[in-house]
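Notes to accompany the following structure.
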Amino acid sequence: MKTTIQLEELGLFLFGIFLFSQLHFAWWWFLVLILTPDFSMMGYLIGNKVGAGCYNFFHHRGVAVLVYVAGLYFSNESIQLIGIILFAHASMDRMLGYGLKYETGFKFTHLGEIGKNQKQ
């Protein structure tokens with residue numbers, strides 16, 4: 001099942017790259033911005049509950065799609081770019097096994113515990 005999820009997330013990541021290619025931004029913007037949603041981990045400096053809330057908000061594909069659609073509605077490519085980056089980053093993270101966080105700590109995700117040896 002893990003391989004199936006990874007392949008699905010790879011497809012969604014590639015879809016994010018396709019959406020980015022439809023915008024009028026240089027490709028280096030994608031490379032510079034793709035890791036920016038991880039700044040949301042700074043919430044963990046306050047505590048697990050705040051950290052999980054911040055992280056999950058910026059890694060939720062529903063939020064990403066809403067931002068992207070808002071960019072389409074307002075014909076604003078910068079807003080579309082934010083939505084695409086959020087979407088592609090969330091897919092990349094899930095492809096690598098990093099899921100949405102539980103409030104019990106950073107390593108506890110909806111895809112399982114990070115760093116725990118698990119059978120495929």
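We name chains A, B, ... following the order of the structure tokens; residues begin at 1 in each chain, and ligands are numbered from 1 as shown.
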Per-residue DSSP, chain A, filtered to strand (DSSP E), as an mmCIF file with C-alpha atoms, in the first residue's frame:
```
data_model
loop_
_atom_site.group_PDB
_atom_site.id
_atom_site.type_symbol
_atom_site.label_atom_id
_atom_site.label_comp_id
_atom_site.auth_asym_id
_atom_site.auth_seq_id
_atom_site.Cartn_x
_atom_site.Cartn_y
_atom_site.Cartn_z
ATOM 1 C CA PHE A 108 3.276 11.272 14.716
ATOM 2 C CA THR A 109 1.444 11.611 11.380
ATOM 3 C CA GLY A 112 2.412 6.599 10.543
ATOM 4 C CA GLU A 113 5.302 7.448 12.815
#
```
Selection: 10 Å around Leu19 (chain A), only C-alpha atoms, excl. self and same-chain fewer than 6 positions, as a list in words: Phe13, Tyr68, Gln80, Leu81, Gly83, Ile84, Ile85 and Ala88 of chain A
Any chance you can output those residues with N, CA and C atoms as an mmCIF file, in the first residue's frame?
```cif
data_model
loop_
_atom_site.group_PDB
_atom_site.id
_atom_site.type_symbol
_atom_site.label_atom_id
_atom_site.label_comp_id
_atom_site.auth_asym_id
_atom_site.auth_seq_id
_atom_site.Cartn_x
_atom_site.Cartn_y
_atom_site.Cartn_z
ATOM 1 N N PHE A 13 2.198 15.497 -7.395
ATOM 2 C CA PHE A 13 3.338 16.414 -7.440
ATOM 3 C C PHE A 13 3.612 16.838 -8.887
ATOM 4 N N TYR A 68 -5.590 28.375 -4.804
ATOM 5 C CA TYR A 68 -5.426 28.353 -6.254
ATOM 6 C C TYR A 68 -6.693 28.836 -6.964
ATOM 7 N N GLN A 80 -2.352 32.208 -7.475
ATOM 8 C CA GLN A 80 -2.327 30.864 -8.058
ATOM 9 C C GLN A 80 -1.016 30.160 -7.718
ATOM 10 N N LEU A 81 0.089 30.901 -7.809
ATOM 11 C CA LEU A 81 1.400 30.340 -7.497
ATOM 12 C C LEU A 81 1.452 29.834 -6.058
ATOM 13 N N GLY A 83 -1.032 28.781 -4.212
ATOM 14 C CA GLY A 83 -1.817 27.557 -4.148
ATOM 15 C C GLY A 83 -1.080 26.365 -4.743
ATOM 16 N N ILE A 84 -0.424 26.582 -5.870
ATOM 17 C CA ILE A 84 0.317 25.497 -6.521
ATOM 18 C C ILE A 84 1.481 25.041 -5.657
ATOM 19 N N ILE A 85 2.196 25.973 -5.064
ATOM 20 C CA ILE A 85 3.324 25.603 -4.196
ATOM 21 C C ILE A 85 2.833 24.813 -2.997
ATOM 22 N N ALA A 88 1.788 21.274 -4.384
ATOM 23 C CA ALA A 88 2.925 20.451 -4.790
ATOM 24 C C ALA A 88 3.766 20.052 -3.582
#
```
Find the residues near Phe39 (chain A): any atom within 10 Å, counting only C-alpha atoms, skip ones fewer than 4 places away on the same chain, and give them as a ChimeraX atom specification. /A:35,43,54-55,58
Apply DSSP to the backbone of this structure and, from region 34-112 of chain A, keep only the residues in helix (DSSP H, G or I); write these as a tab-separated table (two decimals) with all heavy atoms, in the first residue's frame.
```tsv
chain	number	residue	atom	x	y	z
A	36	THR	N	9.07	26.41	1.13
A	36	THR	CA	8.60	27.45	2.05
A	36	THR	C	7.46	27.01	2.98
A	36	THR	O	7.41	27.51	4.11
A	36	THR	CB	8.19	28.73	1.29
A	36	THR	OG1	7.20	28.41	0.31
A	36	THR	CG2	9.39	29.39	0.63
A	37	PRO	N	6.57	26.09	2.58
A	37	PRO	CA	5.54	25.68	3.55
A	37	PRO	C	6.12	25.04	4.83
A	37	PRO	O	5.46	25.02	5.86
A	37	PRO	CB	4.69	24.67	2.77
A	37	PRO	CG	4.83	25.11	1.35
A	37	PRO	CD	6.26	25.56	1.24
A	38	ASP	N	7.36	24.57	4.75
A	38	ASP	CA	7.97	23.97	5.94
A	38	ASP	C	8.31	25.00	7.02
A	38	ASP	O	8.60	24.63	8.16
A	38	ASP	CB	9.20	23.15	5.57
A	38	ASP	CG	8.82	21.78	5.02
A	38	ASP	OD1	7.70	21.32	5.31
A	38	ASP	OD2	9.65	21.18	4.32
A	39	PHE	N	8.26	26.28	6.70
A	39	PHE	CA	8.44	27.29	7.74
A	39	PHE	C	7.34	27.20	8.78
A	39	PHE	O	7.48	27.68	9.90
A	39	PHE	CB	8.50	28.71	7.15
A	39	PHE	CG	9.82	29.05	6.53
A	39	PHE	CD1	9.94	29.19	5.15
A	39	PHE	CD2	10.95	29.22	7.32
A	39	PHE	CE1	11.16	29.49	4.57
A	39	PHE	CE2	12.17	29.53	6.75
A	39	PHE	CZ	12.28	29.67	5.37
A	40	SER	N	6.23	26.55	8.42
A	40	SER	CA	5.14	26.37	9.37
A	40	SER	C	5.54	25.51	10.57
A	40	SER	O	4.89	25.53	11.60
A	40	SER	CB	3.93	25.76	8.67
A	40	SER	OG	4.23	24.46	8.18
A	41	MET	N	6.63	24.78	10.44
A	41	MET	CA	7.14	23.97	11.57
A	41	MET	C	7.58	24.85	12.73
A	41	MET	O	7.74	24.36	13.84
A	41	MET	CB	8.29	23.08	11.12
A	41	MET	CG	7.86	21.92	10.25
A	41	MET	SD	9.20	20.77	9.93
A	41	MET	CE	10.08	21.61	8.63
A	42	MET	N	7.78	26.12	12.48
A	42	MET	CA	8.20	27.04	13.54
A	42	MET	C	7.16	27.08	14.66
A	42	MET	O	7.48	27.41	15.79
A	42	MET	CB	8.42	28.44	12.98
A	42	MET	CG	9.45	28.50	11.88
A	42	MET	SD	11.12	28.80	12.39
A	42	MET	CE	11.03	30.40	13.09
A	43	GLY	N	5.92	26.71	14.36
A	43	GLY	CA	4.88	26.65	15.38
A	43	GLY	C	5.22	25.68	16.50
A	43	GLY	O	4.76	25.83	17.63
A	44	TYR	N	6.06	24.69	16.20
A	44	TYR	CA	6.48	23.74	17.23
A	44	TYR	C	7.34	24.39	18.31
A	44	TYR	O	7.52	23.83	19.38
A	44	TYR	CB	7.20	22.55	16.60
A	44	TYR	CG	6.25	21.53	16.04
A	44	TYR	CD1	5.94	21.51	14.68
A	44	TYR	CD2	5.61	20.61	16.86
A	44	TYR	CE1	5.05	20.59	14.17
A	44	TYR	CE2	4.72	19.69	16.35
A	44	TYR	CZ	4.44	19.69	15.00
A	44	TYR	OH	3.54	18.78	14.50
A	45	LEU	N	7.86	25.59	18.04
A	45	LEU	CA	8.61	26.32	19.07
A	45	LEU	C	7.68	26.74	20.20
A	45	LEU	O	8.12	26.92	21.34
A	45	LEU	CB	9.29	27.55	18.46
A	45	LEU	CG	10.38	27.27	17.43
A	45	LEU	CD1	10.84	28.57	16.77
A	45	LEU	CD2	11.56	26.54	18.09
A	48	ASN	N	3.39	21.54	20.79
A	48	ASN	CA	2.91	20.54	19.84
A	48	ASN	C	1.56	20.89	19.22
A	48	ASN	O	1.33	20.67	18.04
A	48	ASN	CB	2.82	19.16	20.50
A	48	ASN	CG	4.19	18.54	20.70
A	48	ASN	OD1	5.16	18.92	20.07
A	48	ASN	ND2	4.25	17.57	21.60
A	49	LYS	N	0.65	21.43	20.03
A	49	LYS	CA	-0.69	21.74	19.52
A	49	LYS	C	-0.62	22.86	18.48
A	49	LYS	O	-1.20	22.74	17.40
A	49	LYS	CB	-1.62	22.14	20.67
A	49	LYS	CG	-3.04	22.34	20.25
A	49	LYS	CD	-3.96	22.57	21.43
A	49	LYS	CE	-5.39	22.67	20.97
A	49	LYS	NZ	-6.33	22.78	22.07
A	50	VAL	N	0.09	23.92	18.78
A	50	VAL	CA	0.24	25.04	17.84
A	50	VAL	C	1.03	24.58	16.63
A	50	VAL	O	0.69	24.89	15.48
A	50	VAL	CB	0.91	26.25	18.51
A	50	VAL	CG1	1.26	27.33	17.50
A	50	VAL	CG2	0.02	26.82	19.61
A	51	GLY	N	2.08	23.82	16.86
A	51	GLY	CA	2.91	23.32	15.77
A	51	GLY	C	2.12	22.46	14.80
A	51	GLY	O	2.20	22.64	13.58
A	52	ALA	N	1.35	21.52	15.34
A	52	ALA	CA	0.54	20.65	14.48
A	52	ALA	C	-0.50	21.47	13.72
A	52	ALA	O	-0.72	21.24	12.52
A	52	ALA	CB	-0.13	19.57	15.32
A	53	GLY	N	-1.12	22.43	14.38
A	53	GLY	CA	-2.12	23.27	13.72
A	53	GLY	C	-1.52	24.07	12.57
A	53	GLY	O	-2.08	24.10	11.47
A	54	CYS	N	-0.39	24.71	12.82
A	54	CYS	CA	0.27	25.49	11.76
A	54	CYS	C	0.72	24.59	10.62
A	54	CYS	O	0.47	24.88	9.44
A	54	CYS	CB	1.49	26.22	12.33
A	54	CYS	SG	1.12	27.58	13.43
A	55	TYR	N	1.38	23.50	10.96
A	55	TYR	CA	1.89	22.58	9.95
A	55	TYR	C	0.73	22.04	9.11
A	55	TYR	O	0.80	22.05	7.88
A	55	TYR	CB	2.65	21.43	10.62
A	55	TYR	CG	3.28	20.48	9.63
A	55	TYR	CD1	4.59	20.67	9.22
A	55	TYR	CD2	2.56	19.42	9.09
A	55	TYR	CE1	5.18	19.81	8.30
A	55	TYR	CE2	3.13	18.56	8.17
A	55	TYR	CZ	4.44	18.75	7.79
A	55	TYR	OH	5.01	17.90	6.87
A	56	ASN	N	-0.32	21.57	9.75
A	56	ASN	CA	-1.45	20.97	9.03
A	56	ASN	C	-2.17	21.97	8.13
A	56	ASN	O	-2.62	21.63	7.04
A	56	ASN	CB	-2.42	20.31	10.00
A	56	ASN	CG	-1.83	19.07	10.64
A	56	ASN	OD1	-0.84	18.51	10.17
A	56	ASN	ND2	-2.43	18.65	11.73
A	57	PHE	N	-2.27	23.22	8.58
A	57	PHE	CA	-2.92	24.25	7.76
A	57	PHE	C	-2.16	24.44	6.45
A	57	PHE	O	-2.75	24.48	5.37
A	57	PHE	CB	-3.02	25.57	8.52
A	57	PHE	CG	-3.67	26.66	7.71
A	57	PHE	CD1	-5.05	26.70	7.57
A	57	PHE	CD2	-2.91	27.62	7.08
A	57	PHE	CE1	-5.66	27.70	6.81
A	57	PHE	CE2	-3.50	28.62	6.31
A	57	PHE	CZ	-4.88	28.65	6.18
A	58	PHE	N	-0.85	24.57	6.53
A	58	PHE	CA	-0.04	24.85	5.35
A	58	PHE	C	0.27	23.60	4.52
A	58	PHE	O	0.87	23.71	3.45
A	58	PHE	CB	1.25	25.58	5.73
A	58	PHE	CG	1.01	27.01	6.10
A	58	PHE	CD1	0.94	27.39	7.43
A	58	PHE	CD2	0.81	27.98	5.13
A	58	PHE	CE1	0.71	28.72	7.79
A	58	PHE	CE2	0.57	29.30	5.47
A	58	PHE	CZ	0.52	29.67	6.81
A	61	ARG	N	-4.16	19.98	1.45
A	61	ARG	CA	-4.39	20.23	0.02
A	61	ARG	C	-5.71	20.97	-0.22
A	61	ARG	O	-5.84	21.66	-1.23
A	61	ARG	CB	-4.32	18.93	-0.76
A	61	ARG	CG	-2.88	18.54	-1.04
A	61	ARG	CD	-2.78	17.51	-2.11
A	61	ARG	NE	-3.37	16.26	-1.69
A	61	ARG	CZ	-2.69	15.14	-1.51
A	61	ARG	NH1	-1.40	15.12	-1.73
A	61	ARG	NH2	-3.30	14.06	-1.12
A	62	GLY	N	-6.66	20.85	0.67
A	62	GLY	CA	-7.90	21.61	0.53
A	62	GLY	C	-7.63	23.10	0.57
A	62	GLY	O	-8.19	23.87	-0.21
A	63	VAL	N	-6.78	23.53	1.49
A	63	VAL	CA	-6.38	24.94	1.58
A	63	VAL	C	-5.67	25.35	0.29
A	63	VAL	O	-5.94	26.41	-0.28
A	63	VAL	CB	-5.47	25.18	2.81
A	63	VAL	CG1	-4.88	26.58	2.79
A	63	VAL	CG2	-6.24	24.93	4.10
A	64	ALA	N	-4.78	24.48	-0.19
A	64	ALA	CA	-4.03	24.77	-1.42
A	64	ALA	C	-4.97	24.98	-2.60
A	64	ALA	O	-4.82	25.93	-3.38
A	64	ALA	CB	-3.05	23.65	-1.71
A	65	VAL	N	-5.96	24.10	-2.73
A	65	VAL	CA	-6.90	24.20	-3.85
A	65	VAL	C	-7.74	25.48	-3.72
A	65	VAL	O	-7.97	26.18	-4.72
A	65	VAL	CB	-7.79	22.94	-3.93
A	65	VAL	CG1	-8.94	23.14	-4.90
A	65	VAL	CG2	-6.95	21.73	-4.32
A	66	LEU	N	-8.19	25.81	-2.50
A	66	LEU	CA	-8.96	27.04	-2.31
A	66	LEU	C	-8.14	28.28	-2.69
A	66	LEU	O	-8.66	29.20	-3.33
A	66	LEU	CB	-9.43	27.16	-0.87
A	66	LEU	CG	-10.60	26.25	-0.48
A	66	LEU	CD1	-10.89	26.37	1.02
A	66	LEU	CD2	-11.85	26.60	-1.27
A	67	VAL	N	-6.88	28.30	-2.31
A	67	VAL	CA	-6.01	29.44	-2.66
A	67	VAL	C	-5.85	29.52	-4.17
A	67	VAL	O	-5.96	30.60	-4.77
A	67	VAL	CB	-4.64	29.33	-1.94
A	67	VAL	CG1	-3.67	30.37	-2.46
A	67	VAL	CG2	-4.82	29.46	-0.44
A	68	TYR	N	-5.59	28.37	-4.80
A	68	TYR	CA	-5.43	28.35	-6.25
A	68	TYR	C	-6.69	28.84	-6.96
A	68	TYR	O	-6.63	29.66	-7.89
A	68	TYR	CB	-5.05	26.95	-6.73
A	68	TYR	CG	-4.91	26.84	-8.22
A	68	TYR	CD1	-3.83	27.40	-8.89
A	68	TYR	CD2	-5.88	26.19	-8.98
A	68	TYR	CE1	-3.71	27.32	-10.26
A	68	TYR	CE2	-5.76	26.11	-10.36
A	68	TYR	CZ	-4.67	26.67	-10.99
A	68	TYR	OH	-4.56	26.59	-12.35
A	69	VAL	N	-7.85	28.34	-6.54
A	69	VAL	CA	-9.12	28.74	-7.15
A	69	VAL	C	-9.37	30.23	-6.93
A	69	VAL	O	-9.87	30.92	-7.83
A	69	VAL	CB	-10.28	27.87	-6.62
A	69	VAL	CG1	-11.63	28.43	-7.04
A	69	VAL	CG2	-10.13	26.44	-7.12
A	70	ALA	N	-9.02	30.75	-5.77
A	70	ALA	CA	-9.13	32.20	-5.53
A	70	ALA	C	-8.26	32.97	-6.52
A	70	ALA	O	-8.68	34.01	-7.05
A	70	ALA	CB	-8.74	32.54	-4.09
A	71	GLY	N	-7.07	32.44	-6.77
A	71	GLY	CA	-6.19	33.08	-7.77
A	71	GLY	C	-6.80	33.07	-9.16
A	71	GLY	O	-6.67	34.03	-9.91
A	72	LEU	N	-7.47	31.96	-9.51
A	72	LEU	CA	-8.16	31.90	-10.80
A	72	LEU	C	-9.30	32.91	-10.85
A	72	LEU	O	-9.45	33.64	-11.82
A	72	LEU	CB	-8.72	30.50	-11.05
A	72	LEU	CG	-7.73	29.39	-11.38
A	72	LEU	CD1	-8.46	28.05	-11.45
A	72	LEU	CD2	-7.00	29.67	-12.67
A	73	TYR	N	-10.08	32.94	-9.78
A	73	TYR	CA	-11.24	33.84	-9.72
A	73	TYR	C	-10.83	35.30	-9.87
A	73	TYR	O	-11.46	36.07	-10.59
A	73	TYR	CB	-12.00	33.62	-8.41
A	73	TYR	CG	-13.21	34.50	-8.26
A	73	TYR	CD1	-14.40	34.18	-8.93
A	73	TYR	CD2	-13.17	35.65	-7.49
A	73	TYR	CE1	-15.52	35.00	-8.81
A	73	TYR	CE2	-14.28	36.47	-7.37
A	73	TYR	CZ	-15.45	36.14	-8.03
A	73	TYR	OH	-16.56	36.95	-7.92
A	77	GLU	N	-2.04	35.64	-10.83
A	77	GLU	CA	-1.09	34.53	-10.92
A	77	GLU	C	-0.26	34.35	-9.65
A	77	GLU	O	0.20	33.25	-9.37
A	77	GLU	CB	-0.18	34.67	-12.14
A	77	GLU	CG	-0.85	34.31	-13.43
A	77	GLU	CD	0.12	34.01	-14.55
A	77	GLU	OE1	1.33	34.30	-14.43
A	77	GLU	OE2	-0.34	33.45	-15.58
A	78	SER	N	-0.05	35.41	-8.89
A	78	SER	CA	0.72	35.27	-7.66
A	78	SER	C	-0.04	34.42	-6.63
A	78	SER	O	0.54	33.58	-5.95
A	78	SER	CB	1.04	36.64	-7.06
A	78	SER	OG	1.90	37.36	-7.92
A	79	ILE	N	-1.35	34.62	-6.55
A	79	ILE	CA	-2.17	33.81	-5.65
A	79	ILE	C	-2.23	32.36	-6.17
A	79	ILE	O	-2.15	31.42	-5.39
A	79	ILE	CB	-3.58	34.41	-5.48
A	79	ILE	CG1	-3.48	35.78	-4.80
A	79	ILE	CG2	-4.48	33.49	-4.67
A	79	ILE	CD1	-4.79	36.55	-4.75
A	80	GLN	N	-2.35	32.21	-7.47
A	80	GLN	CA	-2.33	30.86	-8.06
A	80	GLN	C	-1.02	30.16	-7.72
A	80	GLN	O	-1.01	28.97	-7.37
A	80	GLN	CB	-2.48	30.93	-9.57
A	80	GLN	CG	-3.85	31.36	-10.04
A	80	GLN	CD	-3.90	31.52	-11.55
A	80	GLN	OE1	-3.39	30.69	-12.28
A	80	GLN	NE2	-4.52	32.61	-11.99
A	81	LEU	N	0.09	30.90	-7.81
A	81	LEU	CA	1.40	30.34	-7.50
A	81	LEU	C	1.45	29.83	-6.06
A	81	LEU	O	1.95	28.73	-5.80
A	81	LEU	CB	2.49	31.40	-7.72
A	81	LEU	CG	3.91	31.01	-7.30
A	81	LEU	CD1	4.42	29.85	-8.13
A	81	LEU	CD2	4.83	32.21	-7.40
A	82	ILE	N	0.92	30.60	-5.12
A	82	ILE	CA	0.90	30.18	-3.72
A	82	ILE	C	0.13	28.87	-3.58
A	82	ILE	O	0.59	27.92	-2.92
A	82	ILE	CB	0.32	31.28	-2.82
A	82	ILE	CG1	1.24	32.50	-2.81
A	82	ILE	CG2	0.09	30.76	-1.40
A	82	ILE	CD1	0.62	33.75	-2.21
A	83	GLY	N	-1.03	28.78	-4.21
A	83	GLY	CA	-1.82	27.56	-4.15
A	83	GLY	C	-1.08	26.36	-4.74
A	83	GLY	O	-1.10	25.26	-4.19
A	84	ILE	N	-0.42	26.58	-5.87
A	84	ILE	CA	0.32	25.50	-6.52
A	84	ILE	C	1.48	25.04	-5.66
A	84	ILE	O	1.73	23.83	-5.51
A	84	ILE	CB	0.81	25.94	-7.91
A	84	ILE	CG1	-0.40	26.07	-8.86
A	84	ILE	CG2	1.84	24.98	-8.47
A	84	ILE	CD1	-0.08	26.77	-10.17
A	85	ILE	N	2.20	25.97	-5.06
A	85	ILE	CA	3.32	25.60	-4.20
A	85	ILE	C	2.83	24.81	-3.00
A	85	ILE	O	3.42	23.78	-2.63
A	85	ILE	CB	4.12	26.85	-3.76
A	85	ILE	CG1	4.84	27.47	-4.96
A	85	ILE	CG2	5.10	26.53	-2.64
A	85	ILE	CD1	5.89	26.59	-5.63
A	86	LEU	N	1.75	25.26	-2.36
A	86	LEU	CA	1.19	24.52	-1.23
A	86	LEU	C	0.78	23.11	-1.65
A	86	LEU	O	1.06	22.13	-0.95
A	86	LEU	CB	0.00	25.27	-0.63
A	86	LEU	CG	0.30	26.58	0.09
A	86	LEU	CD1	-1.00	27.30	0.44
A	86	LEU	CD2	1.14	26.35	1.33
A	87	PHE	N	0.13	22.99	-2.80
A	87	PHE	CA	-0.34	21.71	-3.30
A	87	PHE	C	0.83	20.78	-3.61
A	87	PHE	O	0.87	19.62	-3.17
A	87	PHE	CB	-1.19	21.94	-4.55
A	87	PHE	CG	-1.78	20.68	-5.12
A	87	PHE	CD1	-3.00	20.21	-4.66
A	87	PHE	CD2	-1.13	19.97	-6.13
A	87	PHE	CE1	-3.56	19.05	-5.18
A	87	PHE	CE2	-1.68	18.82	-6.65
A	87	PHE	CZ	-2.89	18.35	-6.18
A	88	ALA	N	1.79	21.27	-4.38
A	88	ALA	CA	2.93	20.45	-4.79
A	88	ALA	C	3.77	20.05	-3.58
A	88	ALA	O	4.23	18.91	-3.49
A	88	ALA	CB	3.78	21.20	-5.82
A	89	HIS	N	3.95	20.96	-2.64
A	89	HIS	CA	4.75	20.66	-1.46
A	89	HIS	C	4.08	19.57	-0.62
A	89	HIS	O	4.75	18.64	-0.16
A	89	HIS	CB	4.97	21.91	-0.61
A	89	HIS	CG	5.74	21.62	0.62
A	89	HIS	ND1	7.12	21.61	0.65
A	89	HIS	CD2	5.34	21.28	1.88
A	89	HIS	CE1	7.52	21.29	1.86
A	89	HIS	NE2	6.46	21.08	2.63
A	90	ALA	N	2.77	19.67	-0.43
A	90	ALA	CA	2.06	18.67	0.36
A	90	ALA	C	2.18	17.30	-0.30
A	90	ALA	O	2.40	16.28	0.38
A	90	ALA	CB	0.59	19.06	0.52
A	91	SER	N	2.07	17.25	-1.62
A	91	SER	CA	2.21	15.99	-2.34
A	91	SER	C	3.63	15.44	-2.22
A	91	SER	O	3.82	14.23	-2.02
A	91	SER	CB	1.84	16.17	-3.81
A	91	SER	OG	0.49	16.55	-3.92
A	92	MET	N	4.61	16.32	-2.33
A	92	MET	CA	6.01	15.89	-2.19
A	92	MET	C	6.26	15.32	-0.79
A	92	MET	O	6.88	14.26	-0.65
A	92	MET	CB	6.95	17.08	-2.45
A	92	MET	CG	8.42	16.74	-2.34
A	92	MET	SD	9.47	18.19	-2.56
A	92	MET	CE	9.12	19.10	-1.06
A	93	ASP	N	5.76	16.00	0.22
A	93	ASP	CA	5.95	15.52	1.59
A	93	ASP	C	5.31	14.15	1.79
A	93	ASP	O	5.92	13.25	2.37
A	93	ASP	CB	5.33	16.50	2.59
A	93	ASP	CG	6.32	17.53	3.10
A	93	ASP	OD1	7.44	17.59	2.57
A	93	ASP	OD2	5.96	18.27	4.03
A	94	ARG	N	4.10	13.99	1.31
A	94	ARG	CA	3.40	12.70	1.49
A	94	ARG	C	4.07	11.61	0.69
A	94	ARG	O	4.11	10.45	1.12
A	94	ARG	CB	1.93	12.85	1.14
A	94	ARG	CG	1.24	13.72	2.18
A	94	ARG	CD	-0.25	13.81	1.98
A	94	ARG	NE	-0.80	14.72	2.97
A	94	ARG	CZ	-1.49	15.80	2.69
A	94	ARG	NH1	-1.75	16.11	1.43
A	94	ARG	NH2	-1.94	16.58	3.64
A	95	MET	N	4.62	11.95	-0.45
A	95	MET	CA	5.36	10.99	-1.25
A	95	MET	C	6.57	10.48	-0.46
A	95	MET	O	6.95	9.31	-0.55
A	95	MET	CB	5.81	11.64	-2.56
A	95	MET	CG	6.55	10.73	-3.51
A	95	MET	SD	6.90	11.54	-5.08
A	95	MET	CE	7.86	12.96	-4.59
```
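Rounded to one decimal, CA of Gln6 (chain A) and CA of His24 (chain A) lie 29.2 Å from each other.
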Can you work out the spacing between CA of Leu111 (chain A) and CA of Thr4 (chain A) in Å, to one decimal? 12.8 Å
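The spacing separating CA of His110 (chain A) from CA of Tyr98 (chain A) amounts to 8.5 Å.
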